[in-house]
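Okay, so here's the structure we're looking at.
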Amino acid sequence: MTLITDIRLRRILDSRGNPTVEADVVTESGGFGRAAAPSGASTGEYEAVERPPTEAIAAAREHAVPRLVGEAYAGNQREVDSILRAADGTDDFSEIGANSAVAISMAAAKAGADVLGAPLFQHLGGTFRGENFPTPLGNVVGGGEHAADATDIQEFLAAPVGAPSVEDAVFANAAVHAEVADLLEERGHPSGKGDEGAWAPSIDDAEAFEIVDEAVSTVQDEVGFNIGFGLDVAAAEMYDADSETYEYESAGISRDTEEQIEYIADLVEEYDLVYVEDPLDEDDYDAFADLTDEVGDQTLICGDDLFVTNTDRLVDGIDRGAANSILIKPNQIGTLTDAFDAIELATQNGYDSVISHRSGETEDTTIAHLAVATDAPFIKTGAVGGERTAKLNELIRIADDAT
Ligand SMILES: C=C(OP(=O)(O)O)C(=O)O
Ligand SMILES: [Mg+2]
């Protein structure tokens with residue numbers, strides 16, 4: 001019943017106005033799944049390769065589609081994904097593009113769920129999935145590669161860890177986002193938004209810390225539950241390999257690796273940070289390990305560019321005690337099977353998985369289902385903006401249907 005009978009690929013728009021790949025998968029019994037690839041801006045050096053969509057689509061039509069249509073079952077995700085890997089023939093999806101691969105992989109999962117008449121999270125997670133829902137990390141102020149002339153740290157995140165429900169958490173993040181706008185206005189920094197819908201004011205990180213801290217406290221008092229504070233430093237983007245320093249350009253500060261570790265450890269203390277992503281360069285496992293040693297019992301130290309959803313890199317991290325959490329972005333690795341394998345390996349080794357959007361997104365909601373299916377403690381998918389609220393609203397619907 002889930003034999004794949006047709007795959008269609010097309011170019012559609014992403015949230016930055018760039019083209020991306022969308023896939024439709026149809027099965028023998030009329031099951032249908034549609035999914036689209038997201039796209040990063042602060043991409044990790046070791047990510048699977050995103051090809052220009054026209055090339056990725058042509059290559060997938062030539063190499064992957066004929067091997068899947070009439071041959072693979074959408075309900076058998078591992079089979080679909082191993083055919084995608086074999087059809088590509090490289091380690092990094094540089095032939096058919098990780099964008100074509102992930103779109104087909106996710107569309108096949110949705111077609112498989114459709115045939116079963118089950119929601120995607122249940123198809124992926126099975127009946128014995130956990131009963132928890134992820135806490136959304138809401139990007140409220142940001143810069144780095146996501147906005148020009150804004151903060152050096154890429155993302156200042158609200159983390160409503162005490163929220164009694166997904167719905168309360170989603171609305172709390174939106175409230176922090178709105179409160180930040182008021183504070184920026186009061187301080188004379190009216191601001192536009194970056195790629196993920198966070199405010200992108202022309203201020204330095206020190207002022208952003210003050211503003212987000214105040215906004216989080218104000219909303220916390222209003223809603224009556226705990227809202228934490230988190231960061232995606234995206235430090236690989238500010239690391240200068242020649243001078244071996246982290247360059248904070250808006251503040252005119254340069255930190256060597258030791259200073260960077262101490263700076264981050266101090267921030268964890270001062271702001272009681274519950275989440276710190278990519279605080280160090282993507283090649284520096286040892287520095288990640290040192291920081292994890294220092295503050296890993298107080299906060300999540302999450303590897304995004306460090307691990308790129310790749311089990312080989314995660315094994316290296318586990319061996320060296322680098323980080324205690326992994327960011328999961330299916331398009332970084334190319335298939336849902338690879339993403340699941342990374343989550344499973346992480347769980348077995350006491351690392352928390354955080355499911356994530358990309359800065360370039362579509363209305364696709366697969367990651368909301370992936371987070372619920374895998375019992376992930378956090379999902380990072382923005383606070384406001386249509387392509388972000390697509391996932392947040394889907395989470396609210398999933399929680400509503402599942403409880
Ligand atoms: C979502 C992120 O940004 P991008 O998609 O640009 O890598 C990130 O760095 O976590
Ligand atoms: Mg990141």
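Following the order of the structure tokens, chains are lettered A, B, ..., residues in each are numbered from 1, and ligands are numbered from 1.
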Please identify all protein, DNA and RNA residues within 8 Å of ligand 1, counting only C-alpha atoms and all ligand atoms, and report them as an mmCIF file with N, CA and C atoms, in the first residue's frame.
data_model
loop_
_atom_site.group_PDB
_atom_site.id
_atom_site.type_symbol
_atom_site.label_atom_id
_atom_site.label_comp_id
_atom_site.auth_asym_id
_atom_site.auth_seq_id
_atom_site.Cartn_x
_atom_site.Cartn_y
_atom_site.Cartn_z
ATOM 1 N N PRO A 38 14.684 23.314 4.080
ATOM 2 C CA PRO A 38 15.074 24.638 4.564
ATOM 3 C C PRO A 38 16.508 24.942 4.127
ATOM 4 N N SER A 39 17.023 26.079 4.554
ATOM 5 C CA SER A 39 18.368 26.470 4.113
ATOM 6 C C SER A 39 19.044 27.338 5.175
ATOM 7 N N GLY A 40 20.313 27.049 5.471
ATOM 8 C CA GLY A 40 21.025 27.810 6.496
ATOM 9 C C GLY A 40 21.783 28.997 5.919
ATOM 10 N N ALA A 41 22.119 29.952 6.807
ATOM 11 C CA ALA A 41 23.029 31.053 6.440
ATOM 12 C C ALA A 41 24.326 30.912 7.220
ATOM 13 N N SER A 42 24.211 30.604 8.516
ATOM 14 C CA SER A 42 25.431 30.356 9.305
ATOM 15 C C SER A 42 25.680 28.851 9.291
ATOM 16 N N THR A 43 25.966 28.352 8.124
ATOM 17 C CA THR A 43 26.090 26.901 7.955
ATOM 18 C C THR A 43 27.409 26.384 8.530
ATOM 19 N N GLY A 44 27.356 25.143 9.038
ATOM 20 C CA GLY A 44 28.574 24.516 9.535
ATOM 21 C C GLY A 44 29.424 24.023 8.363
ATOM 22 N N GLU A 145 25.111 36.213 11.285
ATOM 23 C CA GLU A 145 24.865 36.026 9.847
ATOM 24 C C GLU A 145 23.394 36.238 9.483
ATOM 25 N N HIS A 146 22.537 36.451 10.488
ATOM 26 C CA HIS A 146 21.106 36.549 10.211
ATOM 27 C C HIS A 146 20.614 37.978 10.059
ATOM 28 N N GLN A 154 24.555 35.441 17.666
ATOM 29 C CA GLN A 154 23.536 35.271 16.623
ATOM 30 C C GLN A 154 22.105 35.263 17.156
ATOM 31 N N ASP A 232 22.320 31.263 21.059
ATOM 32 C CA ASP A 232 23.128 30.597 20.036
ATOM 33 C C ASP A 232 24.232 31.582 19.676
ATOM 34 N N ALA A 234 26.834 30.945 17.839
ATOM 35 C CA ALA A 234 27.315 30.730 16.465
ATOM 36 C C ALA A 234 28.775 31.186 16.354
ATOM 37 N N GLU A 277 24.296 27.429 22.715
ATOM 38 C CA GLU A 277 24.622 26.696 21.486
ATOM 39 C C GLU A 277 25.884 27.277 20.848
ATOM 40 N N ASP A 304 25.905 22.648 17.357
ATOM 41 C CA ASP A 304 25.202 22.764 16.071
ATOM 42 C C ASP A 304 26.243 22.607 14.962
ATOM 43 N N ASP A 305 26.988 23.701 14.682
ATOM 44 C CA ASP A 305 28.062 23.592 13.678
ATOM 45 C C ASP A 305 29.093 22.546 14.096
ATOM 46 N N LEU A 327 22.254 19.791 18.398
ATOM 47 C CA LEU A 327 21.197 20.374 17.582
ATOM 48 C C LEU A 327 20.940 19.426 16.405
ATOM 49 N N SER A 356 15.738 21.617 15.326
ATOM 50 C CA SER A 356 15.850 23.021 14.900
ATOM 51 C C SER A 356 15.420 23.296 13.463
ATOM 52 N N HIS A 357 14.863 24.485 13.311
ATOM 53 C CA HIS A 357 14.632 25.093 11.998
ATOM 54 C C HIS A 357 15.953 25.592 11.411
ATOM 55 N N ARG A 358 15.906 26.189 10.224
ATOM 56 C CA ARG A 358 17.025 26.910 9.636
ATOM 57 C C ARG A 358 16.606 28.374 9.488
ATOM 58 N N SER A 359 17.590 29.228 9.216
ATOM 59 C CA SER A 359 17.239 30.640 9.052
ATOM 60 C C SER A 359 16.403 30.864 7.793
ATOM 61 N N GLY A 360 16.625 30.067 6.745
ATOM 62 C CA GLY A 360 15.758 30.094 5.567
ATOM 63 C C GLY A 360 14.746 28.968 5.708
ATOM 64 N N LYS A 380 13.877 24.532 18.476
ATOM 65 C CA LYS A 380 14.252 25.915 18.191
ATOM 66 C C LYS A 380 13.609 26.281 16.865
ATOM 67 N N THR A 381 12.591 27.110 16.915
ATOM 68 C CA THR A 381 11.922 27.454 15.661
ATOM 69 C C THR A 381 11.335 28.857 15.674
#
Near stretch 45-56 of chain A, counting only C-alpha atoms, which residues have an atom at most 9 Å away, once you skip same-chain residues fewer than 6 positions from it, shown as a PyMOL selection string? chain A and resi 10-11+19-21+39+91-101+282+305-310+331-334
Just-selected residues, N, CA and C atoms written as a PDB file, in the first residue's frame:
ATOM      1  N   ARG A  10       9.950  20.281  -7.296  1.00  0.00           N
ATOM      2  CA  ARG A  10       9.806  21.623  -7.890  1.00  0.00           C
ATOM      3  C   ARG A  10      10.581  22.637  -7.061  1.00  0.00           C
ATOM      4  N   ARG A  11      10.835  23.783  -7.666  1.00  0.00           N
ATOM      5  CA  ARG A  11      11.420  24.918  -6.933  1.00  0.00           C
ATOM      6  C   ARG A  11      10.297  25.725  -6.315  1.00  0.00           C
ATOM      7  N   PRO A  19      15.170  30.362  -3.890  1.00  0.00           N
ATOM      8  CA  PRO A  19      14.522  29.109  -4.277  1.00  0.00           C
ATOM      9  C   PRO A  19      14.953  27.962  -3.374  1.00  0.00           C
ATOM     10  N   THR A  20      14.034  27.027  -3.131  1.00  0.00           N
ATOM     11  CA  THR A  20      14.391  25.796  -2.439  1.00  0.00           C
ATOM     12  C   THR A  20      13.622  24.640  -3.069  1.00  0.00           C
ATOM     13  N   VAL A  21      13.920  23.413  -2.626  1.00  0.00           N
ATOM     14  CA  VAL A  21      13.331  22.225  -3.256  1.00  0.00           C
ATOM     15  C   VAL A  21      12.109  21.767  -2.473  1.00  0.00           C
ATOM     16  N   SER A  39      17.023  26.079   4.554  1.00  0.00           N
ATOM     17  CA  SER A  39      18.368  26.470   4.113  1.00  0.00           C
ATOM     18  C   SER A  39      19.044  27.338   5.175  1.00  0.00           C
ATOM     19  N   ASP A  91      29.439  10.877   0.333  1.00  0.00           N
ATOM     20  CA  ASP A  91      29.231  10.937   1.787  1.00  0.00           C
ATOM     21  C   ASP A  91      28.414  12.143   2.211  1.00  0.00           C
ATOM     22  N   ASP A  92      28.369  13.144   1.346  1.00  0.00           N
ATOM     23  CA  ASP A  92      27.788  14.426   1.782  1.00  0.00           C
ATOM     24  C   ASP A  92      26.642  14.911   0.881  1.00  0.00           C
ATOM     25  N   PHE A  93      26.055  14.001   0.143  1.00  0.00           N
ATOM     26  CA  PHE A  93      24.941  14.324  -0.758  1.00  0.00           C
ATOM     27  C   PHE A  93      25.310  15.404  -1.780  1.00  0.00           C
ATOM     28  N   SER A  94      26.565  15.410  -2.181  1.00  0.00           N
ATOM     29  CA  SER A  94      26.955  16.448  -3.134  1.00  0.00           C
ATOM     30  C   SER A  94      26.504  16.131  -4.564  1.00  0.00           C
ATOM     31  N   GLU A  95      25.946  14.935  -4.807  1.00  0.00           N
ATOM     32  CA  GLU A  95      25.452  14.629  -6.154  1.00  0.00           C
ATOM     33  C   GLU A  95      23.999  15.114  -6.315  1.00  0.00           C
ATOM     34  N   ILE A  96      23.090  14.592  -5.493  1.00  0.00           N
ATOM     35  CA  ILE A  96      21.682  15.006  -5.659  1.00  0.00           C
ATOM     36  C   ILE A  96      21.337  16.205  -4.761  1.00  0.00           C
ATOM     37  N   GLY A  97      22.248  16.594  -3.895  1.00  0.00           N
ATOM     38  CA  GLY A  97      21.997  17.721  -3.006  1.00  0.00           C
ATOM     39  C   GLY A  97      21.246  17.273  -1.764  1.00  0.00           C
ATOM     40  N   ALA A  98      21.711  17.738  -0.608  1.00  0.00           N
ATOM     41  CA  ALA A  98      20.993  17.420   0.642  1.00  0.00           C
ATOM     42  C   ALA A  98      19.608  18.055   0.625  1.00  0.00           C
ATOM     43  N   ASN A  99      19.444  19.109  -0.174  1.00  0.00           N
ATOM     44  CA  ASN A  99      18.118  19.739  -0.255  1.00  0.00           C
ATOM     45  C   ASN A  99      17.117  18.834  -0.966  1.00  0.00           C
ATOM     46  N   SER A 100      17.525  18.204  -2.081  1.00  0.00           N
ATOM     47  CA  SER A 100      16.606  17.236  -2.712  1.00  0.00           C
ATOM     48  C   SER A 100      16.396  16.045  -1.798  1.00  0.00           C
ATOM     49  N   ALA A 101      17.490  15.552  -1.202  1.00  0.00           N
ATOM     50  CA  ALA A 101      17.397  14.352  -0.367  1.00  0.00           C
ATOM     51  C   ALA A 101      16.445  14.562   0.799  1.00  0.00           C
ATOM     52  N   GLU A 282      33.736  25.438  15.587  1.00  0.00           N
ATOM     53  CA  GLU A 282      33.266  24.105  15.187  1.00  0.00           C
ATOM     54  C   GLU A 282      34.380  23.058  15.103  1.00  0.00           C
ATOM     55  N   ASP A 305      26.988  23.701  14.682  1.00  0.00           N
ATOM     56  CA  ASP A 305      28.062  23.592  13.678  1.00  0.00           C
ATOM     57  C   ASP A 305      29.093  22.546  14.096  1.00  0.00           C
ATOM     58  N   LEU A 306      29.224  22.312  15.410  1.00  0.00           N
ATOM     59  CA  LEU A 306      30.176  21.304  15.902  1.00  0.00           C
ATOM     60  C   LEU A 306      29.798  19.904  15.403  1.00  0.00           C
ATOM     61  N   PHE A 307      28.537  19.526  15.526  1.00  0.00           N
ATOM     62  CA  PHE A 307      28.122  18.149  15.225  1.00  0.00           C
ATOM     63  C   PHE A 307      27.444  17.986  13.859  1.00  0.00           C
ATOM     64  N   VAL A 308      26.819  19.057  13.379  1.00  0.00           N
ATOM     65  CA  VAL A 308      26.069  19.048  12.110  1.00  0.00           C
ATOM     66  C   VAL A 308      25.185  17.789  11.928  1.00  0.00           C
ATOM     67  N   THR A 309      24.560  17.352  13.026  1.00  0.00           N
ATOM     68  CA  THR A 309      23.616  16.210  12.971  1.00  0.00           C
ATOM     69  C   THR A 309      24.301  14.947  12.446  1.00  0.00           C
ATOM     70  N   ASN A 310      25.603  14.852  12.635  1.00  0.00           N
ATOM     71  CA  ASN A 310      26.392  13.782  12.023  1.00  0.00           C
ATOM     72  C   ASN A 310      26.883  12.831  13.129  1.00  0.00           C
ATOM     73  N   ASN A 331      18.295  18.747   7.402  1.00  0.00           N
ATOM     74  CA  ASN A 331      18.960  19.079   6.129  1.00  0.00           C
ATOM     75  C   ASN A 331      20.478  19.177   6.262  1.00  0.00           C
ATOM     76  N   GLN A 332      20.982  19.210   7.510  1.00  0.00           N
ATOM     77  CA  GLN A 332      22.445  19.211   7.674  1.00  0.00           C
ATOM     78  C   GLN A 332      23.047  17.866   7.291  1.00  0.00           C
ATOM     79  N   ILE A 333      22.208  16.819   7.375  1.00  0.00           N
ATOM     80  CA  ILE A 333      22.731  15.469   7.152  1.00  0.00           C
ATOM     81  C   ILE A 333      22.046  14.802   5.961  1.00  0.00           C
ATOM     82  N   GLY A 334      20.827  15.221   5.625  1.00  0.00           N
ATOM     83  CA  GLY A 334      20.207  14.804   4.359  1.00  0.00           C
ATOM     84  C   GLY A 334      19.011  13.886   4.443  1.00  0.00           C
TER      85      GLY A 334
END
Looking at only C-alpha atoms, which of A:Val170, A:Leu267, A:Ala198, A:Ala339 is the one that sits closest to A:Thr374? A:Ala339
Exercise: A:Ile318 partners within 12 Å, only C-alpha atoms, chain neighbours under 2 positions left out, as a PyMOL selection string: chain A and resi 285-286+288-289+292+303+306-307+311-316+320-326+342+345-351
For the residues selected in the previous step, produce a file with C-alpha atoms as an mmCIF file, in the first residue's frame.
data_model
loop_
_atom_site.group_PDB
_atom_site.id
_atom_site.type_symbol
_atom_site.label_atom_id
_atom_site.label_comp_id
_atom_site.auth_asym_id
_atom_site.auth_seq_id
_atom_site.Cartn_x
_atom_site.Cartn_y
_atom_site.Cartn_z
ATOM 1 C CA TYR A 285 36.300 19.844 20.561
ATOM 2 C CA ASP A 286 38.775 20.427 23.389
ATOM 3 C CA PHE A 288 33.910 22.577 24.067
ATOM 4 C CA ALA A 289 35.019 19.871 26.516
ATOM 5 C CA THR A 292 31.262 21.539 29.377
ATOM 6 C CA GLY A 303 26.691 21.535 19.345
ATOM 7 C CA LEU A 306 30.176 21.304 15.902
ATOM 8 C CA PHE A 307 28.122 18.149 15.225
ATOM 9 C CA THR A 311 26.899 10.613 14.106
ATOM 10 C CA ASP A 312 30.636 10.439 13.300
ATOM 11 C CA ARG A 313 31.170 13.920 14.673
ATOM 12 C CA LEU A 314 28.909 13.166 17.634
ATOM 13 C CA VAL A 315 30.992 10.062 18.458
ATOM 14 C CA ASP A 316 34.092 12.295 18.549
ATOM 15 C CA ARG A 320 36.046 13.849 24.319
ATOM 16 C CA GLY A 321 33.251 15.106 26.586
ATOM 17 C CA ALA A 322 32.482 17.983 24.239
ATOM 18 C CA ALA A 323 29.005 19.480 24.839
ATOM 19 C CA ASN A 324 26.060 17.690 26.432
ATOM 20 C CA SER A 325 23.478 18.351 23.767
ATOM 21 C CA ILE A 326 23.156 18.194 19.974
ATOM 22 C CA ALA A 342 21.947 11.017 15.650
ATOM 23 C CA LEU A 345 23.101 7.970 19.689
ATOM 24 C CA ALA A 346 22.741 11.195 21.655
ATOM 25 C CA THR A 347 20.092 9.735 23.941
ATOM 26 C CA GLN A 348 22.144 6.590 24.604
ATOM 27 C CA ASN A 349 25.015 8.805 25.732
ATOM 28 C CA GLY A 350 23.067 11.254 27.861
ATOM 29 C CA TYR A 351 23.084 14.080 25.323
#
Return as a count of residues only the full set of residues in stretch 263-398 of chain A whose backbone-based DSSP assignment is alpha helix (DSSP H). 68
Check the smallest atom-to-atom distance from each of A:Asp281, A:Asp272, A:Glu344, A:Asp240 to ligand 2 using only C-alpha atoms and all ligand atoms, then report the winner. A:Asp281
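Between atom CA of A:Gly252 and atom CA of A:Glu270 the interatomic distance comes to 21.6 Å.
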Can you work out which one of A:Asp114, A:Glu214, A:Asp290, A:Glu394 has the shortest atom-to-atom distance to A:Thr366, counting only C-alpha atoms?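 That would be A:Glu394, the residue with the smallest distance to A:Thr366.
Distance check against ligand 2 using only C-alpha atoms and all ligand atoms: of A:Thr151, A:Asn76, A:Gln122, A:Asn139, the minimum falls on A:Asn139.
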